[in-house]
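Enquirer: One structure is given below, represented as structure tokens, and several questions about it will come after.
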Protein chains: 2
Amino acid sequence: MPDQQNNDSSFKLTPLSEIGEFGLIDRLTSGIRLYHKETIKGVGDDAAVIDVGDKVILLSTDLLVEGVHFDMMYTPLRHLGYKSAVVNISDIAAMNGIPKQLTVSVAASSRFSLEALEELYEGIKLACDRYKVDLVGGDTSSGNKGLMISVTILGEAKKDEVIYRSGARPNDLLCVSGDLGSAYMGLLLLEREKAVFKANPNMQPELDGFDYQVGRQLKPEARTDIRETLEKLGVKPTSMIDISDGLASESLHLCKQSGTGCRIFEEKIPINPQTRELAMEFKLIPSVAALSGGEDYELLFTIDQKDYEKIKDAEDITIIGHMTDASEGKAMVTPDNKQVELTAQGWDSMKIEKTGSF
Amino acid sequence: MPDQQNNDSSFKLTPLSEIGEFGLIDRLTSGIRLYHKETIKGVGDDAAVIDVGDKVILLSTDLLVEGVHFDMMYTPLRHLGYKSAVVNISDIAAMNGIPKQLTVSVAASSRFSLEALEELYEGIKLACDRYKVDLVGGDTSSGNKGLMISVTILGEAKKDEVIYRSGARPNDLLCVSGDLGSAYMGLLLLEREKAVFKANPNMQPELDGFDYQVGRQLKPEARTDIRETLEKLGVKPTSMIDISDGLASESLHLCKQSGTGCRIFEEKIPINPQTRELAMEFKLIPSVAALSGGEDYELLFTIDQKDYEKIKDAEDITIIGHMTDASEGKAMVTPDNKQVELTAQGWDSMKIEKTGSF
């Protein structure tokens with residue numbers, strides 16, 4: 001009666017750390033058969049798409065694990081609850097849908113009290129109120145260690161309104177909402193103050209003046225407003241994705257699924273001035289925080305060149321580059337006109353070990 | 001910068017073990033506001049019900065946590081994957097719906113290999129093939145300890161076909177599919193052999209001859225066939241629930257949400273003869289295994305008395321009692337005509353610490 005996950009010990013087992021995020025997802029989701037014609041899109045975008053007649057239902061899920069996605073040392077439970085809802089709402093926004101219902105499952109070890117879980121749920125309910133989403137179900141369980149939150153969201157869209165990752169074409173303009181890199185600098189700040197506190201528990205954390213960066217990390221918002229902005233401008237993106245893993249990784253997703261290459265101009269990447277200074281203080285190139293930091297939950301999308309005039313003066317939307325033929329590769333162009341190949345910074349990289357949504 | 005879940009230390013915190021499963025769910029889900037008229041039913045049944053025009057979408061989610069819901073010592077990963085899909089499919093069956101799509105999120109510690117997770121997914125895919133369900137998304141994450149699986153399922157039904165927990169009326173007949181208690185006896189067998197193995201690793205487990213009980217525990221099936229059986233018989237249940245927590249607990253759910261009492265006749269409870277013997281061997285009253293054991297994933301439902309003739313000879317369906325006025329309470333009637341009050345055996349009780357779906 002040996003431990004069952006080791007019963008195939010006749011051949012060499014592959015540690016999860018060896019295969020990487022996207023390799024793992026490819027392996028686990030290979031050979032999936034779809035039985036229902038209503039399943040328009042399964043694995044492979046920000047949400048699955050299900051035909052229900054005159055509209056479609058969007059379905060997405062995200063997992064937040066203590067020690068992987070958040071650190072209880074500096075994450076208030078209310079913010080954590082809010083964020084766990086928002087990251088899912090963001091997935092629906094990335095499909096150009098309207099978030100509608102969500103379920104929340106929580107596994108908590110005995111170190112968490114009723115009041116702690118109530119705090120967590122207060123945050124979830126706050127996000128539900130803010131984004132008009134109905135909390136309709138879930139599951140609770142004791143857990144053997146730490147805290148784990150699994151949220152699943154349903155959204156809705158008209159069939160011809162859904163925007164996939166796969167619709168970009170060469171020469172489409174690459175656009176991004178808001179600014180990038182601040183959530184990551186917020187994380188670095190919190191990690192630095194945690195280290196200071198651990199060395200001397202009487203030290204007060206020095207986070208004053210960095211509300212924006214810390215807020216972007218602990219209590220992000222989903223860009224559900226971009227759908228309306230684009231509708232008003234009369235622009236329908238050709239492809240879209242939300243930035244959870246960093247600009248580089250998400251750009252590569254759009255390129256891969258659309259069969260294109262891309263050029264991103266470094267000086268066009270929108271970065272908050274204080275975030276830029278903070279990056280320099282941490283001896284980081286600011287664009288690296290934007291490219292690899294992630295968790296900004298802004299939207300990255302492509303539009304047809306003919307829509308340039310409509311979008312060029314839009315508030316809070318920046319054109320950062322364009323798509324190319326696949327043969328031209330994926331690169332960032334520096335101000336001195338050098339091309340740097342874009343690489344996905346998955347969970348092997350500069351970040352805390354991370355997740356892979358599929 | 002203290003650990004945030006303890007930052008309300010000015011008043012006494014309530015350990016989760018003190019409040020119990022249903023108390024916790026009530027507290028966490030209180031004050032939920034619903035914004036969308038499409039949300040026909042939120043928290044409180046086997047699945048949420050969402051209006052999408054000429055039909056409804058059913059949405060349910062279940063969490064399986066290592067050390068709480070399963071023990072890796074005797075749970076093959078393939079079976080675990082299968083079961084994690086089946087328990088969700090069963091929730092859709094309990095609403096009289098057709099299961100359609102599911103998402104799977106997995107958090108696994110580094111002791112799990114790629115091959116182990118592939119085994120788990122093989123089991124999930126097997127259930128998807130068997131029940132014609134599309135695996136359409138999910139999330140993967142490293143975890144700090146053990147294995148955690150969160151599955152969310154979507155089902156479909158015509159609006160007037162959905163069966164809620166709340167529709168039972170006094171004098172309705174209480175029916176159950178299949179037989180009860182075997183999954184629990186399978187668990188006790190596996191636990192016994194685990195103890196034997198721990199005492200002497202050279203001992204072989206003695207599970208021969210108990211394939212049925214062990215199978216019911218490790219690889220349960222969902223009763224999606226009951227929907228068709230009832231349709232053929234021309235019977236529409238007035239209320240329905242699946243038996244995940246035991247006959248007593250599920251009967252109490254039907255009573256509470258329908259505003260009724262009930263009488264269950266002990267000698268009518270369908271129990272496999274070998275399971276009965278096994279219970280005696282374990283010095284357990286067989287009906288207790290059925291009432292409190294759970295995990296049989298049979299369907300418990302009520303029908304109008306006028307449908308008695310239609311159902312009385314149906315294969316694999318047993319009438320075990322009837323509903324009463326709420327004032328008459330909820331009780332089991334023993335063969336010598338004594339009444340024993342039904343009590344929910346939540347996670348405080350005879351079972352391993354358990355979960356609460358809502």
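By convention here, the chains of the structure tokens are called A, B, ... in the order presented, each chain's residues are numbered starting at 1, and ligands are numbered starting at 1 in the order presented.
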I'd like the contact shell of region 39-46 of chain A - 9 Å cut-off, only C-alpha atoms, skipping same-chain residues fewer than 5 positions apart - returned as a ChimeraX atom specification.
Expert: /A:29,34,51,56,59-60,90-92,94-95,164-166,240-242,257,357-358 /B:100-101,134-138
Enquirer: Residues of the last selection are to be written out with C-alpha atoms, as a tab-separated table (two decimals), in the first residue's frame.
Expert:
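Generated output (out20.tsv):
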chain	number	residue	atom	x	y	z
A	29	THR	CA	-5.06	19.37	-21.70
A	34	LEU	CA	-15.52	18.05	-26.88
A	51	ASP	CA	-23.46	29.00	-27.00
A	56	VAL	CA	-22.92	33.17	-25.24
A	59	LEU	CA	-16.64	30.73	-18.16
A	60	SER	CA	-13.31	31.24	-16.41
A	90	SER	CA	-10.78	40.67	-15.52
A	91	ASP	CA	-10.89	37.43	-17.54
A	92	ILE	CA	-14.45	38.19	-18.60
A	94	ALA	CA	-10.67	40.32	-21.64
A	95	MET	CA	-13.30	38.47	-23.72
A	164	TYR	CA	-10.58	36.05	-28.80
A	165	ARG	CA	-6.80	35.97	-28.51
A	166	SER	CA	-6.62	34.61	-32.03
A	240	MET	CA	-7.68	40.83	-26.61
A	241	ILE	CA	-6.14	39.42	-23.40
A	242	ASP	CA	-5.76	40.67	-19.85
A	257	GLN	CA	-2.78	32.23	-31.17
A	357	SER	CA	-4.75	29.46	-16.38
A	358	PHE	CA	-6.00	27.65	-19.46
B	100	LYS	CA	-22.23	19.87	-20.13
B	101	GLN	CA	-18.94	21.61	-19.34
B	134	ASP	CA	-16.51	18.97	-22.05
B	135	LEU	CA	-13.38	19.92	-20.09
B	136	VAL	CA	-13.15	23.60	-21.10
B	137	GLY	CA	-10.69	25.27	-18.76
B	138	GLY	CA	-8.96	25.48	-15.44
Enquirer: Just want the 6 Å neighbourhood of Ser239 (chain A), counted on only C-alpha atoms, with same-chain residues fewer than 2 positions away dropped. Output as a list of chain:residue names.
Expert: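 Using only C-alpha atoms, the neighbours found are A:Ile163, A:Tyr164, A:Arg165, A:Gly167, A:Ala168, A:Pro237, A:Phe301, A:Thr302.
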Enquirer: Generate a file of the selected residues that holds C-alpha atoms, formatted as a CSV table (one decimal), in the first residue's frame.
Expert:
chain,number,residue,atom,x,y,z
A,163,ILE,CA,-13.1,38.9,-28.7
A,164,TYR,CA,-10.6,36.0,-28.8
A,165,ARG,CA,-6.8,36.0,-28.5
A,167,GLY,CA,-8.0,37.4,-34.2
A,168,ALA,CA,-4.9,39.7,-34.6
A,237,PRO,CA,-10.6,45.0,-31.2
A,301,PHE,CA,-5.6,44.4,-27.5
A,302,THR,CA,-5.1,44.8,-31.2
Enquirer: Using Å and a single decimal, report how far CA of Val340 (chain B) sits from CA of Glu277 (chain B).
Expert: 22.6 Å
Enquirer: Got a sec to tell me which of region 2-134 of chain A DSSP assigns to strand (DSSP E), as a count of residues only?
Expert: 30
Enquirer: As an MDAnalysis selection string, please: the residues near Arg169 (chain B) (cut-off 7 Å, only C-alpha atoms, same-chain neighbours under 5 positions excluded).
Expert: chainID B and resid 258 260 323
Enquirer: My list of candidates is A:Leu13, A:Ala195, A:Ile19, A:Cys175. Which is closest to Ser113 (chain B) when distances are computed with only C-alpha atoms?
Expert: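 Of A:Leu13, A:Ala195, A:Ile19, A:Cys175, the one nearest Ser113 (chain B) is A:Leu13, counting only C-alpha atoms.
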Enquirer: In region 148-304 of chain A, what's helix (DSSP H, G or I) per DSSP? Answer as a count of residues only?
Expert: 72
Enquirer: Have a look at A:Lys236, A:Arg111, A:Arg227, A:Lys125 and name the one nearest to Tyr308 (chain A); count only C-alpha atoms.
Expert: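 The shortest atom-to-atom distance to Tyr308 (chain A) comes from A:Lys236.
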Enquirer: CA of Val235 (chain A) to CA of Ile303 (chain A): how many Å, to one decimal?
Expert: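 CA of Val235 (chain A) sits 7.5 Å away from CA of Ile303 (chain A).
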Enquirer: Quick one: residues within 8 Å of Ala85 (chain A), only C-alpha atoms, excluding same-chain residues fewer than 3 positions away - as a PyMOL selection string?
Expert: chain A and resi 81-82+88-89+124+127-128+151
Enquirer: I'd like the neighbourhood of region 97-99 of chain B as a ChimeraX atom specification, where a residue qualifies if any of its atoms comes within 7 Å (using only C-alpha atoms), though same-chain residues fewer than 3 positions away should be ignored.
Expert: /B:89,92-93,133,154-157,162
Enquirer: Which is closest to Thr229 (chain B) among B:Ala199, B:Ala314, B:Met280, B:Ala248, if we use only C-alpha atoms?
Expert: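 Under the stated criterion, the closest residue is B:Ala314.
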Enquirer: Considering only C-alpha atoms, return as a list of chain:residue names whatever protein or nucleic-acid residues lie within 10 Å of Glu295 (chain A), sequence-local ones (same chain, fewer than 5 positions apart) excluded.
Expert: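 In the requested form, the answer reads A:Val87, A:Leu180, A:Gly181, A:Ser182, A:Ala183, A:Tyr184, A:Leu187, A:Arg216, A:Gln217, A:Leu218, A:Pro220, A:Asp242, A:Ile243, A:Ser244, A:Asp245, A:Gly246, A:Leu247, A:Ala290.
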Enquirer: CA of Thr140 (chain B) and CA of Glu193 (chain A), how far apart in Å?
Expert: 29.2 Å
